[in-house]
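Peer 1: Below is the file entry_17.pdb, with PDB, C-alpha atoms.
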```pdb
ATOM      1  CA  ALA W  15     211.729 173.491 178.457
ATOM      2  CA  ARG W  16     210.958 174.600 181.975
ATOM      3  CA  PHE W  17     208.119 173.213 184.028
ATOM      4  CA  GLY W  18     207.438 174.528 187.511
ATOM      5  CA  GLY W  19     204.282 172.570 188.335
ATOM      6  CA  LYS W  20     202.014 175.600 188.679
ATOM      7  CA  ALA W  21     198.382 174.548 189.083
ATOM      8  CA  GLY W  22     196.755 174.053 185.695
ATOM      9  CA  SER W  23     200.013 174.166 183.743
ATOM     10  CA  THR W  24     201.023 171.403 181.341
ATOM     11  CA  LEU W  25     204.087 170.446 179.355
ATOM     12  CA  VAL W  26     203.993 167.960 176.475
ATOM     13  CA  VAL W  27     207.328 166.184 176.053
ATOM     14  CA  PRO W  28     207.991 163.965 173.012
ATOM     15  CA  THR W  29     209.774 160.761 173.988
ATOM     16  CA  LEU W  30     211.636 160.486 170.662
ATOM     17  CA  GLY W  31     211.329 156.710 170.774
ATOM     18  CA  SER W  32     212.893 156.293 174.227
ATOM     19  CA  ALA W  33     209.579 155.001 175.659
ATOM     20  CA  PRO W  34     206.608 153.102 174.271
ATOM     21  CA  ALA W  35     204.513 156.292 174.477
ATOM     22  CA  LYS W  36     205.020 158.957 171.799
ATOM     23  CA  ARG W  37     204.717 161.743 174.341
ATOM     24  CA  VAL W  38     204.485 162.389 178.063
ATOM     25  CA  VAL W  39     202.304 165.164 179.477
ATOM     26  CA  LEU W  40     203.315 166.741 182.768
ATOM     27  CA  ALA W  41     200.520 168.474 184.667
ATOM     28  CA  GLY W  42     200.920 170.866 187.550
ATOM     29  CA  VAL W  43     198.772 170.808 190.667
ATOM     30  CA  GLY W  44     200.639 173.503 192.597
ATOM     31  CA  PRO W  45     202.732 173.304 195.756
ATOM     32  CA  ALA W  46     202.186 170.095 197.723
ATOM     33  CA  GLU W  47     201.528 171.946 200.957
ATOM     34  CA  ARG W  48     198.738 174.001 199.367
ATOM     35  CA  ILE W  49     196.929 171.477 197.183
ATOM     36  CA  ALA W  50     193.192 172.155 197.175
ATOM     37  CA  GLY W  51     190.602 169.382 197.137
ATOM     38  CA  ASP W  52     190.078 169.532 193.385
ATOM     39  CA  ALA W  53     193.706 170.151 192.366
ATOM     40  CA  VAL W  54     194.204 166.601 191.098
ATOM     41  CA  ALA W  55     191.005 166.729 189.036
ATOM     42  CA  ARG W  56     191.990 170.078 187.530
ATOM     43  CA  GLY W  57     195.535 168.878 186.808
ATOM     44  CA  VAL W  58     194.405 165.664 185.141
ATOM     45  CA  GLY W  59     191.763 167.586 183.197
ATOM     46  CA  ALA W  60     194.436 169.958 181.888
ATOM     47  CA  ALA W  61     196.706 167.018 181.035
ATOM     48  CA  ALA W  62     193.898 165.216 179.200
ATOM     49  CA  ARG W  63     193.134 168.313 177.109
ATOM     50  CA  ALA W  64     196.842 168.790 176.316
ATOM     51  CA  ALA W  65     197.168 165.131 175.329
ATOM     52  CA  ARG W  66     194.138 165.361 173.043
ATOM     53  CA  ALA W  67     195.477 168.576 171.477
ATOM     54  CA  ALA W  68     198.795 166.795 170.849
ATOM     55  CA  GLY W  69     196.994 163.996 168.997
ATOM     56  CA  ALA W  70     196.857 161.322 171.689
ATOM     57  CA  ARG W  71     194.164 158.685 171.339
ATOM     58  CA  THR W  72     194.772 156.987 174.693
ATOM     59  CA  LEU W  73     195.650 158.325 178.132
ATOM     60  CA  ALA W  74     197.470 156.696 181.041
ATOM     61  CA  ILE W  75     197.821 158.445 184.367
ATOM     62  CA  ALA W  76     200.625 158.011 186.895
ATOM     63  CA  SER W  77     200.499 159.763 190.243
ATOM     64  CA  THR W  78     202.283 159.970 193.531
ATOM     65  CA  SER W  79     200.483 160.382 196.827
ATOM     66  CA  VAL W  80     198.887 163.762 197.318
ATOM     67  CA  GLY W  81     199.016 165.035 200.885
ATOM     68  CA  PRO W  82     196.761 163.082 203.226
ATOM     69  CA  ALA W  83     194.524 161.811 200.404
ATOM     70  CA  SER W  84     194.299 158.058 199.976
ATOM     71  CA  ALA W  85     195.260 156.401 196.702
ATOM     72  CA  ALA W  86     191.563 155.683 196.081
ATOM     73  CA  ASP W  87     190.655 159.353 196.569
ATOM     74  CA  VAL W  88     193.427 160.455 194.200
ATOM     75  CA  ALA W  89     192.294 157.909 191.593
ATOM     76  CA  GLU W  90     188.692 159.110 191.877
ATOM     77  CA  GLU W  91     189.743 162.735 191.439
ATOM     78  CA  ALA W  92     191.892 161.768 188.433
ATOM     79  CA  ILE W  93     188.990 159.994 186.741
ATOM     80  CA  VAL W  94     186.627 162.890 187.382
ATOM     81  CA  GLY W  95     189.237 165.323 186.054
ATOM     82  CA  ALA W  96     189.813 163.353 182.862
ATOM     83  CA  LEU W  97     186.092 163.008 182.175
ATOM     84  CA  LEU W  98     185.341 166.670 182.816
ATOM     85  CA  GLY W  99     188.476 167.854 181.046
ATOM     86  CA  LEU W 100     187.601 165.995 177.855
ATOM     87  CA  TYR W 101     183.883 166.768 177.902
ATOM     88  CA  ARG W 102     182.645 168.678 174.873
ATOM     89  CA  TYR W 103     179.325 170.499 174.678
TER      90      TYR W 103
END
```
Starting from the file, give its structure as structure tokens.
Peer 2:
Amino acid sequence: ARFGGKAGSTLVVPTLGSAPAKRVVLAGVGPAERIAGDAVARGVGAAARAARAAGARTLAIASTSVGPASAADVAEEAIVGALLGLYRY
């Protein structure tokens, strides 16, 4: 499968027993040099929805630094994204 990291895109990859998790979800936030303020939130939201659709009951998030944003800012955006992404009316 190909994954280019386009903003809002996701790819669910089964681990086939090679990791404790049953699946890994990759989420795109777009090119690093053009990441908008809410790109992390949108990416994590998309990943959370993809994980739920794949049957996940828990979610862990791993991230690298995102431009000039601090780790705390990235974590805050990730939490907001997961909460909004999983919200149901």
Peer 1: Which residues are near Gly81 in chain W? Cut-off 10 Å, only C-alpha atoms, ignore same chain within fewer than 2 positions. Put them as a VMD selection string.
Peer 2: chain W and resid 46 to 50 78 to 79 83 to 84 88
Peer 1: Which one is closest to Gly69 in chain W: W:Val26, W:Ala55, W:Leu97, W:Ala85? Count all atoms listed in the file.
Peer 2: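 With all atoms listed in the file as the atom set, the closest residue is W:Val26.
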Peer 1: Please, what is the axis-aligned box for every listed atom of range 50-56 of chain W with 8 Å on each side, as centre and edge lengths in Å to one decimal, as AutoDock Vina command-line options?
Peer 2:
```
--center_x 192.1 --center_y 169.4 --center_z 192.4 --size_x 20.1 --size_y 21.6 --size_z 25.6
```
Peer 1: Using only C-alpha atoms, pick whichever of W:Val27, W:Arg16, W:Pro34, W:Gly42 has the shortest atom-to-atom distance to Ala68 in chain W.
Peer 2: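 Of W:Val27, W:Arg16, W:Pro34, W:Gly42, the one nearest Ala68 in chain W, counting only C-alpha atoms, is W:Val27.
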Peer 1: Hey, which of W:Ile75, W:Asp87, W:Ala70, W:Leu40 ends up closest to Ser23 in chain W? Count all atoms listed in the file.
Peer 2: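 Ranked by minimum distance to Ser23 in chain W, first place goes to W:Leu40.
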Peer 1: Using all atoms listed in the file, which residue out of W:Gly31, W:Gly95, W:Ser77, W:Leu25 lies closest to Gly57 in chain W?
Peer 2: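 Under the stated criterion, the closest residue is W:Gly95.
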Peer 1: For each of W:Val80, W:Val38, W:Ala21, W:Ala65, take the minimum atom-to-atom distance to Ala96 in chain W, counting all atoms listed in the file, then give the residue where this is smallest.
Peer 2: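 The closest residue to Ala96 in chain W is W:Ala65.
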Peer 1: Specify as a ChimeraX atom specification each residue included when the PyMOL selection byres ((chain W and resi 20) around 9) is applied to this file.
Peer 2: /W:17-19,21-24,41-45
Peer 1: Please, what distance in Å, to one decimal, runs between CA of Ala60 in chain W and CA of Ala86 in chain W?
Peer 2: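 Answer for the CA of Ala60 in chain W to CA of Ala86 in chain W separation: 20.3 Å.
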Peer 1: What is the CA of Arg63 in chain W to CA of Pro82 in chain W distance in Å?
Peer 2: 26.9 Å
Peer 1: Can you measure CA of Ala53 in chain W to CA of Tyr101 in chain W for me? One decimal in Å is fine.
Peer 2: 17.8 Å
Peer 1: Would you mind exporting range 25-50 of chain W with N, CA and C atoms, as an mmCIF file, in the first residue's frame?
Peer 2:
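Written output follows (decode14.cif):
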```cif
data_model
loop_
_atom_site.group_PDB
_atom_site.id
_atom_site.type_symbol
_atom_site.label_atom_id
_atom_site.label_comp_id
_atom_site.auth_asym_id
_atom_site.auth_seq_id
_atom_site.Cartn_x
_atom_site.Cartn_y
_atom_site.Cartn_z
ATOM 1 N N LEU W 25 -3.967 5.429 6.653
ATOM 2 C CA LEU W 25 -3.691 4.080 6.180
ATOM 3 C C LEU W 25 -3.664 3.170 7.394
ATOM 4 N N VAL W 26 -4.515 2.161 7.408
ATOM 5 C CA VAL W 26 -4.552 1.186 8.498
ATOM 6 C C VAL W 26 -3.722 -0.011 8.067
ATOM 7 N N VAL W 27 -2.714 -0.344 8.885
ATOM 8 C CA VAL W 27 -1.788 -1.424 8.562
ATOM 9 C C VAL W 27 -1.883 -2.496 9.647
ATOM 10 N N PRO W 28 -2.304 -3.710 9.299
ATOM 11 C CA PRO W 28 -2.314 -4.787 10.300
ATOM 12 C C PRO W 28 -0.883 -5.188 10.640
ATOM 13 N N THR W 29 -0.622 -5.459 11.902
ATOM 14 C CA THR W 29 0.737 -5.808 12.311
ATOM 15 C C THR W 29 1.023 -7.301 12.172
ATOM 16 N N LEU W 30 -0.007 -8.100 11.964
ATOM 17 C CA LEU W 30 0.151 -9.546 11.778
ATOM 18 C C LEU W 30 0.963 -10.194 12.899
ATOM 19 N N GLY W 31 0.762 -9.677 14.114
ATOM 20 C CA GLY W 31 1.427 -10.270 15.274
ATOM 21 C C GLY W 31 2.854 -9.812 15.498
ATOM 22 N N SER W 32 3.380 -8.911 14.682
ATOM 23 C CA SER W 32 4.763 -8.469 14.852
ATOM 24 C C SER W 32 4.896 -7.347 15.881
ATOM 25 N N ALA W 33 3.782 -6.896 16.446
ATOM 26 C CA ALA W 33 3.778 -5.861 17.484
ATOM 27 C C ALA W 33 2.624 -6.149 18.426
ATOM 28 N N PRO W 34 2.671 -5.617 19.631
ATOM 29 C CA PRO W 34 1.568 -5.847 20.561
ATOM 30 C C PRO W 34 0.227 -5.327 20.031
ATOM 31 N N ALA W 35 0.254 -4.259 19.255
ATOM 32 C CA ALA W 35 -0.986 -3.718 18.679
ATOM 33 C C ALA W 35 -1.417 -4.575 17.495
ATOM 34 N N LYS W 36 -2.732 -4.675 17.281
ATOM 35 C CA LYS W 36 -3.246 -5.441 16.137
ATOM 36 C C LYS W 36 -3.095 -4.680 14.836
ATOM 37 N N ARG W 37 -3.091 -3.349 14.939
ATOM 38 C CA ARG W 37 -2.981 -2.523 13.742
ATOM 39 C C ARG W 37 -2.305 -1.210 14.091
ATOM 40 N N VAL W 38 -1.745 -0.584 13.067
ATOM 41 C CA VAL W 38 -1.149 0.742 13.191
ATOM 42 C C VAL W 38 -1.862 1.625 12.184
ATOM 43 N N VAL W 39 -2.230 2.830 12.597
ATOM 44 C CA VAL W 39 -2.880 3.776 11.689
ATOM 45 C C VAL W 39 -1.907 4.919 11.420
ATOM 46 N N LEU W 40 -1.594 5.115 10.149
ATOM 47 C CA LEU W 40 -0.784 6.263 9.751
ATOM 48 C C LEU W 40 -1.735 7.379 9.365
ATOM 49 N N ALA W 41 -1.415 8.598 9.772
ATOM 50 C CA ALA W 41 -2.264 9.747 9.446
ATOM 51 C C ALA W 41 -1.409 10.842 8.836
ATOM 52 N N GLY W 42 -1.880 11.386 7.742
ATOM 53 C CA GLY W 42 -1.150 12.453 7.072
ATOM 54 C C GLY W 42 -1.528 13.825 7.596
ATOM 55 N N VAL W 43 -0.532 14.702 7.668
ATOM 56 C CA VAL W 43 -0.766 16.093 8.036
ATOM 57 C C VAL W 43 -0.255 17.041 6.954
ATOM 58 N N GLY W 44 0.209 16.497 5.837
ATOM 59 C CA GLY W 44 0.693 17.319 4.743
ATOM 60 C C GLY W 44 2.181 17.588 4.850
ATOM 61 N N PRO W 45 2.712 18.351 3.899
ATOM 62 C CA PRO W 45 4.143 18.653 3.892
ATOM 63 C C PRO W 45 4.561 19.439 5.138
ATOM 64 N N ALA W 46 5.687 19.060 5.712
ATOM 65 C CA ALA W 46 6.152 19.688 6.952
ATOM 66 C C ALA W 46 6.288 21.195 6.826
ATOM 67 N N GLU W 47 6.724 21.662 5.682
ATOM 68 C CA GLU W 47 6.937 23.108 5.534
ATOM 69 C C GLU W 47 5.639 23.894 5.366
ATOM 70 N N ARG W 48 4.518 23.194 5.205
ATOM 71 C CA ARG W 48 3.241 23.887 5.019
ATOM 72 C C ARG W 48 2.173 23.429 6.013
ATOM 73 N N ILE W 49 2.575 22.950 7.159
ATOM 74 C CA ILE W 49 1.605 22.471 8.139
ATOM 75 C C ILE W 49 0.864 23.656 8.755
ATOM 76 N N ALA W 50 -0.443 23.624 8.664
ATOM 77 C CA ALA W 50 -1.287 24.671 9.245
ATOM 78 C C ALA W 50 -1.436 24.427 10.742
#
```
